[in-house]
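What's in upload_16.cif: mmCIF, C-alpha atoms, pLDDT in the B column; chains and numbers go by the auth columns
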data_input
#
loop_
_atom_site.group_PDB
_atom_site.id
_atom_site.type_symbol
_atom_site.label_atom_id
_atom_site.label_comp_id
_atom_site.label_asym_id
_atom_site.label_seq_id
_atom_site.Cartn_x
_atom_site.Cartn_y
_atom_site.Cartn_z
_atom_site.B_iso_or_equiv
_atom_site.auth_seq_id
_atom_site.auth_asym_id
ATOM 1 C CA MET A 1 56.207 32.394 -76.336 91.00 1083 A
ATOM 2 C CA LYS A 2 54.531 34.651 -73.804 93.00 1084 A
ATOM 3 C CA TYR A 3 55.705 35.000 -70.219 94.00 1085 A
ATOM 4 C CA ASN A 4 54.272 36.619 -67.129 94.00 1086 A
ATOM 5 C CA TYR A 5 56.320 39.142 -65.218 95.00 1087 A
ATOM 6 C CA THR A 6 57.976 37.947 -61.991 95.00 1088 A
ATOM 7 C CA SER A 7 57.126 39.673 -58.707 94.00 1089 A
ATOM 8 C CA PHE A 8 59.789 40.776 -56.195 95.00 1090 A
ATOM 9 C CA TYR A 9 59.742 42.429 -52.795 94.00 1091 A
ATOM 10 C CA ILE A 10 60.979 45.985 -52.288 92.00 1092 A
ATOM 11 C CA GLU A 11 61.167 47.493 -48.800 91.00 1093 A
ATOM 12 C CA ASN A 12 58.624 50.185 -47.959 88.00 1094 A
ATOM 13 C CA ARG A 13 56.648 49.609 -51.128 88.00 1095 A
ATOM 14 C CA PRO A 14 53.076 48.464 -50.613 88.00 1096 A
ATOM 15 C CA LYS A 15 53.019 46.257 -53.670 91.00 1097 A
ATOM 16 C CA ALA A 16 55.507 44.011 -55.395 92.00 1098 A
ATOM 17 C CA ILE A 17 57.737 45.203 -58.197 93.00 1099 A
ATOM 18 C CA LYS A 18 57.470 43.193 -61.414 94.00 1100 A
ATOM 19 C CA ARG A 19 60.384 42.388 -63.666 94.00 1101 A
ATOM 20 C CA PRO A 20 60.629 40.610 -67.048 96.00 1102 A
ATOM 21 C CA MET A 21 62.547 37.485 -66.060 96.00 1103 A
ATOM 22 C CA ILE A 22 63.161 34.345 -68.086 96.00 1104 A
ATOM 23 C CA GLU A 23 64.981 31.122 -67.410 96.00 1105 A
ATOM 24 C CA ILE A 24 68.040 30.523 -69.548 98.00 1106 A
ATOM 25 C CA GLU A 25 70.614 27.764 -69.661 98.00 1107 A
ATOM 26 C CA VAL A 26 74.215 28.980 -69.849 98.00 1108 A
ATOM 27 C CA PHE A 27 76.809 26.676 -71.400 97.00 1109 A
ATOM 28 C CA SER A 28 80.536 26.406 -71.005 94.00 1110 A
ATOM 29 C CA LYS A 29 82.736 23.917 -72.816 92.00 1111 A
ATOM 30 C CA ASP A 30 81.944 21.052 -70.449 91.00 1112 A
ATOM 31 C CA ASP A 31 79.027 22.175 -68.328 93.00 1113 A
ATOM 32 C CA SER A 32 75.766 24.078 -68.221 96.00 1114 A
ATOM 33 C CA LYS A 33 73.548 25.587 -65.556 97.00 1115 A
ATOM 34 C CA LYS A 34 70.129 27.195 -65.536 98.00 1116 A
ATOM 35 C CA PHE A 35 69.560 30.719 -64.277 98.00 1117 A
ATOM 36 C CA ASP A 36 66.813 33.278 -64.036 97.00 1118 A
ATOM 37 C CA ALA A 37 67.778 36.299 -66.124 97.00 1119 A
ATOM 38 C CA LEU A 38 66.417 39.819 -66.387 96.00 1120 A
ATOM 39 C CA ILE A 39 65.633 41.185 -69.836 96.00 1121 A
ATOM 40 C CA ASP A 40 67.105 44.686 -69.912 93.00 1122 A
ATOM 41 C CA SER A 41 66.299 46.649 -73.042 92.00 1123 A
ATOM 42 C CA GLY A 42 68.381 49.564 -71.711 88.00 1124 A
ATOM 43 C CA ALA A 43 71.642 47.645 -71.494 88.00 1125 A
ATOM 44 C CA ASP A 44 74.009 47.755 -74.459 89.00 1126 A
ATOM 45 C CA LEU A 45 75.357 44.288 -73.793 91.00 1127 A
ATOM 46 C CA SER A 46 74.411 41.208 -71.799 95.00 1128 A
ATOM 47 C CA LEU A 47 76.049 41.145 -68.386 93.00 1129 A
ATOM 48 C CA PHE A 48 76.696 38.083 -66.264 95.00 1130 A
ATOM 49 C CA ASN A 49 77.938 37.984 -62.710 94.00 1131 A
ATOM 50 C CA LEU A 50 81.566 36.856 -62.660 94.00 1132 A
ATOM 51 C CA GLU A 51 80.655 34.050 -60.253 96.00 1133 A
ATOM 52 C CA ILE A 52 78.779 32.394 -63.118 97.00 1134 A
ATOM 53 C CA ALA A 53 82.007 32.150 -65.110 96.00 1135 A
ATOM 54 C CA GLU A 54 83.730 30.651 -62.062 95.00 1136 A
ATOM 55 C CA ALA A 55 80.950 28.131 -61.378 95.00 1137 A
ATOM 56 C CA LEU A 56 80.801 27.012 -65.006 95.00 1138 A
ATOM 57 C CA ASP A 57 84.549 27.216 -65.551 93.00 1139 A
ATOM 58 C CA VAL A 58 84.140 29.561 -68.511 92.00 1140 A
ATOM 59 C CA ASP A 59 87.510 30.231 -70.103 88.00 1141 A
ATOM 60 C CA LEU A 60 88.162 33.971 -69.858 89.00 1142 A
ATOM 61 C CA THR A 61 91.825 33.866 -70.879 87.00 1143 A
ATOM 62 C CA ASN A 62 91.009 35.304 -74.312 86.00 1144 A
ATOM 63 C CA SER A 63 88.354 37.707 -73.044 87.00 1145 A
ATOM 64 C CA LYS A 64 88.657 41.407 -73.764 82.00 1146 A
ATOM 65 C CA PRO A 65 88.737 43.895 -70.896 78.00 1147 A
ATOM 66 C CA SER A 66 85.726 46.168 -71.028 76.00 1148 A
ATOM 67 C CA ASN A 67 84.378 48.995 -68.978 73.00 1149 A
ATOM 68 C CA PHE A 68 80.721 49.742 -68.352 67.00 1150 A
ATOM 69 C CA THR A 69 79.202 52.978 -67.297 66.00 1151 A
ATOM 70 C CA GLY A 70 76.070 53.122 -65.209 63.00 1152 A
ATOM 71 C CA ILE A 71 74.269 55.828 -63.341 54.00 1153 A
ATOM 72 C CA ALA A 72 76.382 55.339 -60.243 55.00 1154 A
ATOM 73 C CA GLY A 73 79.755 54.747 -61.816 61.00 1155 A
ATOM 74 C CA ASN A 74 81.873 52.299 -63.733 67.00 1156 A
ATOM 75 C CA VAL A 75 82.716 48.648 -63.468 72.00 1157 A
ATOM 76 C CA ASP A 76 85.308 46.566 -65.280 78.00 1158 A
ATOM 77 C CA GLY A 77 84.471 43.305 -66.955 86.00 1159 A
ATOM 78 C CA TYR A 78 85.662 40.463 -69.138 91.00 1160 A
ATOM 79 C CA ARG A 79 84.017 40.411 -72.553 92.00 1161 A
ATOM 80 C CA VAL A 80 83.622 37.269 -74.621 94.00 1162 A
ATOM 81 C CA ASP A 81 82.378 37.305 -78.204 94.00 1163 A
ATOM 82 C CA LYS A 82 80.321 34.143 -77.924 95.00 1164 A
ATOM 83 C CA LEU A 83 78.525 32.653 -74.964 96.00 1165 A
ATOM 84 C CA LYS A 84 76.113 29.817 -75.661 97.00 1166 A
ATOM 85 C CA ILE A 85 72.697 30.081 -74.035 98.00 1167 A
ATOM 86 C CA LYS A 86 69.277 28.494 -74.456 98.00 1168 A
ATOM 87 C CA VAL A 87 66.081 30.316 -73.599 97.00 1169 A
ATOM 88 C CA ASN A 88 63.497 28.226 -71.757 93.00 1170 A
ATOM 89 C CA GLY A 89 60.651 27.527 -74.149 91.00 1171 A
ATOM 90 C CA PHE A 90 62.897 27.458 -77.213 94.00 1172 A
ATOM 91 C CA THR A 91 64.659 24.415 -78.589 94.00 1173 A
ATOM 92 C CA GLU A 92 67.674 26.003 -80.205 95.00 1174 A
ATOM 93 C CA THR A 93 70.791 27.312 -78.521 97.00 1175 A
ATOM 94 C CA VAL A 94 72.193 30.688 -79.550 97.00 1176 A
ATOM 95 C CA GLU A 95 75.479 32.486 -79.058 97.00 1177 A
ATOM 96 C CA ILE A 96 75.572 36.031 -77.779 97.00 1178 A
ATOM 97 C CA PRO A 97 78.364 38.443 -76.858 96.00 1179 A
ATOM 98 C CA ALA A 98 78.542 38.741 -73.095 95.00 1180 A
ATOM 99 C CA CYS A 99 80.508 40.399 -70.378 93.00 1181 A
ATOM 100 C CA PHE A 100 81.271 38.984 -66.942 94.00 1182 A
ATOM 101 C CA VAL A 101 81.381 41.607 -64.210 91.00 1183 A
ATOM 102 C CA ASP A 102 82.263 41.444 -60.528 89.00 1184 A
ATOM 103 C CA SER A 103 79.235 43.274 -59.179 85.00 1185 A
ATOM 104 C CA PRO A 104 76.870 42.328 -56.350 84.00 1186 A
ATOM 105 C CA SER A 105 73.989 43.974 -58.184 82.00 1187 A
ATOM 106 C CA VAL A 106 74.201 41.907 -61.346 88.00 1188 A
ATOM 107 C CA GLY A 107 72.861 38.399 -61.752 93.00 1189 A
ATOM 108 C CA ILE A 108 72.202 38.163 -65.471 96.00 1190 A
ATOM 109 C CA LEU A 109 71.060 41.041 -67.661 95.00 1191 A
ATOM 110 C CA LEU A 110 70.117 40.250 -71.240 96.00 1192 A
ATOM 111 C CA GLY A 111 70.889 43.375 -73.264 94.00 1193 A
ATOM 112 C CA GLN A 112 70.588 44.759 -76.758 94.00 1194 A
ATOM 113 C CA ASP A 113 73.726 43.554 -78.549 94.00 1195 A
ATOM 114 C CA GLY A 114 73.145 39.963 -79.535 95.00 1196 A
ATOM 115 C CA PHE A 115 70.125 38.992 -77.493 97.00 1197 A
ATOM 116 C CA PHE A 116 67.776 41.613 -78.925 97.00 1198 A
ATOM 117 C CA ASP A 117 69.195 40.910 -82.397 97.00 1199 A
ATOM 118 C CA LEU A 118 68.233 37.254 -82.103 97.00 1200 A
ATOM 119 C CA TYR A 119 64.871 37.658 -80.385 97.00 1201 A
ATOM 120 C CA ARG A 120 61.987 40.026 -80.920 97.00 1202 A
ATOM 121 C CA ILE A 121 60.735 41.108 -77.527 97.00 1203 A
ATOM 122 C CA LYS A 122 57.423 42.797 -76.997 97.00 1204 A
ATOM 123 C CA PHE A 123 56.723 44.154 -73.519 97.00 1205 A
ATOM 124 C CA GLU A 124 53.085 44.342 -72.490 96.00 1206 A
ATOM 125 C CA LYS A 125 53.395 45.361 -68.868 94.00 1207 A
ATOM 126 C CA ASP A 126 49.784 46.519 -68.800 95.00 1208 A
ATOM 127 C CA HIS A 127 48.812 42.883 -69.425 93.00 1209 A
ATOM 128 C CA ASP A 128 51.494 41.495 -67.094 94.00 1210 A
ATOM 129 C CA THR A 129 53.064 39.715 -70.038 95.00 1211 A
ATOM 130 C CA PHE A 130 55.945 39.961 -72.454 96.00 1212 A
ATOM 131 C CA GLU A 131 56.439 37.996 -75.615 96.00 1213 A
ATOM 132 C CA ILE A 132 59.612 36.574 -77.100 96.00 1214 A
ATOM 133 C CA THR A 133 59.837 35.261 -80.640 96.00 1215 A
ATOM 134 C CA ALA A 134 62.896 34.223 -82.593 95.00 1216 A
ATOM 135 C CA ALA A 135 63.878 36.989 -84.989 93.00 1217 A
ATOM 136 C CA LYS A 136 63.777 36.016 -88.634 78.00 1218 A
ATOM 137 C CA LYS A 137 67.151 36.352 -90.269 68.00 1219 A
ATOM 138 C CA MET B 1 49.785 31.542 -77.809 71.00 36 B
ATOM 139 C CA GLU B 2 50.923 29.715 -74.712 72.00 37 B
ATOM 140 C CA THR B 3 51.783 31.891 -71.728 77.00 38 B
ATOM 141 C CA LYS B 4 54.521 30.619 -69.492 75.00 39 B
ATOM 142 C CA ARG B 5 53.552 31.330 -65.924 74.00 40 B
ATOM 143 C CA ASN B 6 56.227 33.131 -64.065 77.00 41 B
ATOM 144 C CA TYR B 7 56.593 33.278 -60.357 84.00 42 B
ATOM 145 C CA ASN B 8 55.723 35.321 -57.340 89.00 43 B
ATOM 146 C CA LEU B 9 59.089 35.641 -55.612 93.00 44 B
ATOM 147 C CA VAL B 10 58.021 38.264 -53.091 93.00 45 B
ATOM 148 C CA ASN B 11 58.543 36.042 -50.060 94.00 46 B
ATOM 149 C CA LEU B 12 61.826 34.635 -51.325 94.00 47 B
ATOM 150 C CA SER B 13 63.255 38.032 -52.174 94.00 48 B
ATOM 151 C CA LYS B 14 62.151 39.371 -48.798 94.00 49 B
ATOM 152 C CA LYS B 15 63.838 36.502 -46.975 96.00 50 B
ATOM 153 C CA TYR B 16 67.055 36.214 -48.986 96.00 51 B
ATOM 154 C CA PRO B 17 68.231 39.634 -50.244 93.00 52 B
ATOM 155 C CA ASN B 18 71.659 39.587 -51.926 93.00 53 B
ATOM 156 C CA LYS B 19 71.879 35.782 -51.782 96.00 54 B
ATOM 157 C CA TRP B 20 72.307 33.173 -54.461 97.00 55 B
ATOM 158 C CA LEU B 21 69.530 30.591 -54.434 97.00 56 B
ATOM 159 C CA ALA B 22 69.156 27.170 -56.011 97.00 57 B
ATOM 160 C CA LEU B 23 65.465 26.651 -56.658 97.00 58 B
ATOM 161 C CA THR B 24 63.410 23.751 -57.893 95.00 59 B
ATOM 162 C CA LYS B 25 62.215 24.173 -61.460 93.00 60 B
ATOM 163 C CA ASP B 26 58.795 25.335 -60.257 91.00 61 B
ATOM 164 C CA HIS B 27 60.493 27.870 -57.927 92.00 62 B
ATOM 165 C CA ARG B 28 58.436 26.590 -54.987 92.00 63 B
ATOM 166 C CA LYS B 29 61.307 25.168 -52.969 95.00 64 B
ATOM 167 C CA VAL B 30 64.718 26.551 -52.040 96.00 65 B
ATOM 168 C CA LEU B 31 67.306 23.777 -52.199 96.00 66 B
ATOM 169 C CA SER B 32 70.294 25.820 -51.144 97.00 67 B
ATOM 170 C CA VAL B 33 71.201 29.394 -50.224 97.00 68 B
ATOM 171 C CA GLY B 34 74.533 31.159 -49.964 97.00 69 B
ATOM 172 C CA ASN B 35 76.656 34.188 -50.553 96.00 70 B
ATOM 173 C CA LYS B 36 78.644 32.472 -53.297 96.00 71 B
ATOM 174 C CA LEU B 37 77.237 30.768 -56.355 97.00 72 B
ATOM 175 C CA LYS B 38 79.907 28.090 -56.235 95.00 73 B
ATOM 176 C CA GLU B 39 78.897 26.918 -52.744 96.00 74 B
ATOM 177 C CA VAL B 40 75.187 26.976 -53.655 97.00 75 B
ATOM 178 C CA SER B 41 75.987 25.040 -56.797 96.00 76 B
ATOM 179 C CA MET B 42 77.984 22.437 -54.870 95.00 77 B
ATOM 180 C CA GLN B 43 75.162 21.957 -52.357 95.00 78 B
ATOM 181 C CA SER B 44 72.653 21.297 -55.125 94.00 79 B
ATOM 182 C CA LYS B 45 74.937 19.211 -57.320 91.00 80 B
ATOM 183 C CA GLY B 46 73.149 16.602 -59.421 90.00 81 B
ATOM 184 C CA LYS B 47 69.730 18.199 -58.984 93.00 82 B
ATOM 185 C CA ASP B 48 67.725 19.938 -61.671 94.00 83 B
ATOM 186 C CA VAL B 49 67.773 23.472 -60.297 97.00 84 B
ATOM 187 C CA VAL B 50 67.514 27.065 -61.405 97.00 85 B
ATOM 188 C CA PHE B 51 69.928 29.553 -59.876 98.00 86 B
ATOM 189 C CA LEU B 52 68.854 33.064 -59.020 97.00 87 B
ATOM 190 C CA LYS B 53 70.730 36.030 -57.593 96.00 88 B
ATOM 191 C CA ILE B 54 68.359 37.968 -55.344 95.00 89 B
ATOM 192 C CA LEU B 55 69.065 41.654 -55.752 90.00 90 B
ATOM 193 C CA PRO B 56 69.061 44.157 -52.907 86.00 91 B
ATOM 194 C CA THR B 57 65.543 44.866 -51.668 86.00 92 B
ATOM 195 C CA ASN B 58 66.267 48.096 -49.818 78.00 93 B
ATOM 196 C CA SER B 59 66.158 50.121 -53.025 73.00 94 B
ATOM 197 C CA PHE B 60 64.595 50.054 -56.440 72.00 95 B
ATOM 198 C CA TYR B 61 66.746 48.237 -58.941 72.00 96 B
ATOM 199 C CA MET B 62 68.271 50.232 -61.743 69.00 97 B
ATOM 200 C CA PRO B 63 70.293 47.878 -63.930 62.00 98 B
ATOM 201 C CA ALA B 64 72.416 50.759 -65.135 52.00 99 B
ATOM 202 C CA THR B 65 73.596 51.123 -61.530 45.00 100 B
ATOM 203 C CA LEU B 66 76.365 48.595 -61.301 50.00 101 B
#

Please lay out the structure from this file as structure tokens.
Amino acid sequence: MKYNYTSFYIENRPKAIKRPMIEIEVFSKDDSKKFDALIDSGADLSLFNLEIAEALDVDLTNSKPSNFTGIAGNVDGYRVDKLKIKVNGFTETVEIPACFVDSPSVGILLGQDGFFDLYRIKFEKDHDTFEITAAKK
Amino acid sequence: METKRNYNLVNLSKKYPNKWLALTKDHRKVLSVGNKLKEVSMQSKGKDVVFLKILPTNSFYMPATL
């Protein structure tokens, strides 16, 4: 499946910034919600805002504390081995490792461990598209 | 191969920096806005929506910057 990039506003920039966003459905034991998520090939792991865990009532009692280092510092998070998601345009659900972090600058980032193992992602920014195919196991 | 059209969210991101939004599936209409996902979710309960966290617009976004 091919997707166009999504355009966002940035102050003092004459043109929009484009990001590779996809819609995913995130599942908890009894609920699910759909979110727009940013594909981030530079992130080791997929990160989810902690408010998503609260809204979906994701059980974090058995999560593992984790720490993440970014350019501007560190943030603590709650890591779960399996979080069920479904990518819009695909029929199957998949489980990926994920970490929930309390950070105002994270919505959902889909990172290398898990997500990029399950999907082959080809960025073609020069064509304003990116392509996602299920990786053959 | 089919190309899924994505969206121009320039106006939305300009209007609602740092907010959680509940959007219609086609992203044309904002159904609820708030600082907390839970409140936005409650306001749009029962509707087929997509949630989006609008990131700060006063700087370029670097995902490694948490």

Atom-to-atom span, CA of Arg1101 (chain A) and CA of Asn1149 (chain A), Å: 25.4 Å

As AutoDock Vina command-line options, please: the centre and edge lengths in Å, to one decimal, of an axis-aligned box enclosing every listed atom of region 1138-1143 of chain A with 4 Å added on each side.
--center_x 86.3 --center_y 30.5 --center_z -67.9 --size_x 19.0 --size_y 15.0 --size_z 13.9

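Close contacts of Trp55 (chain B), defined as residues with an atom at most 10 Å away when counting all atoms listed in the file, with chain neighbours fewer than 2 positions off set aside, comprise Gly1189 of chain A; Tyr51, Pro52, Asn53, Ala57, Leu58, Ser67, Val68, Gly69, Asn70, Lys71, Leu72, Lys73, Glu74, Val75, Ser76, Phe86, Leu87, Lys88, Ile89 and Leu90 of chain B.
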
Per-residue nearest contacts region 1190-1209 of chain A to region 1172-1180 of chain A, cut-off 9 Å, using only C-alpha atoms, as JSON lines:
{"residue": "A:Leu1192", "atom": "CA", "partner": "A:Ala1180", "partner_atom": "CA", "distance": 8.8}
{"residue": "A:Gly1193", "atom": "CA", "partner": "A:Ala1180", "partner_atom": "CA", "distance": 8.9}
{"residue": "A:Asp1195", "atom": "CA", "partner": "A:Pro1179", "partner_atom": "CA", "distance": 7.1}
{"residue": "A:Gly1196", "atom": "CA", "partner": "A:Ile1178", "partner_atom": "CA", "distance": 4.9}
{"residue": "A:Phe1197", "atom": "CA", "partner": "A:Ile1178", "partner_atom": "CA", "distance": 6.2}
{"residue": "A:Leu1200", "atom": "CA", "partner": "A:Val1176", "partner_atom": "CA", "distance": 8.1}

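If you look at CA of Phe1198 (chain A) and CA of Phe1090 (chain A), they are 24.1 Å away from each other.
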
Chain B residues near chain A (7 Å cut-off, all atoms listed in the file) as JSON, numbers by chain: {"B": [36, 37, 38, 39, 40, 41, 42, 43, 44, 45, 48, 49, 72, 73, 84, 85, 86, 87, 88, 90, 92, 93, 94, 95, 99, 100, 101]}

Residues matched by the PyMOL selection byres ((chain A and resi 1111) around 9) as number ranges by chain: A: 1109-1110, 1112-1114, 1138-1141

Length of the CA of Lys1204 (chain A) to CA of Pro91 (chain B) vector [Å]: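 Pair CA of Lys1204 (chain A) / CA of Pro91 (chain B) returns 26.8 Å.
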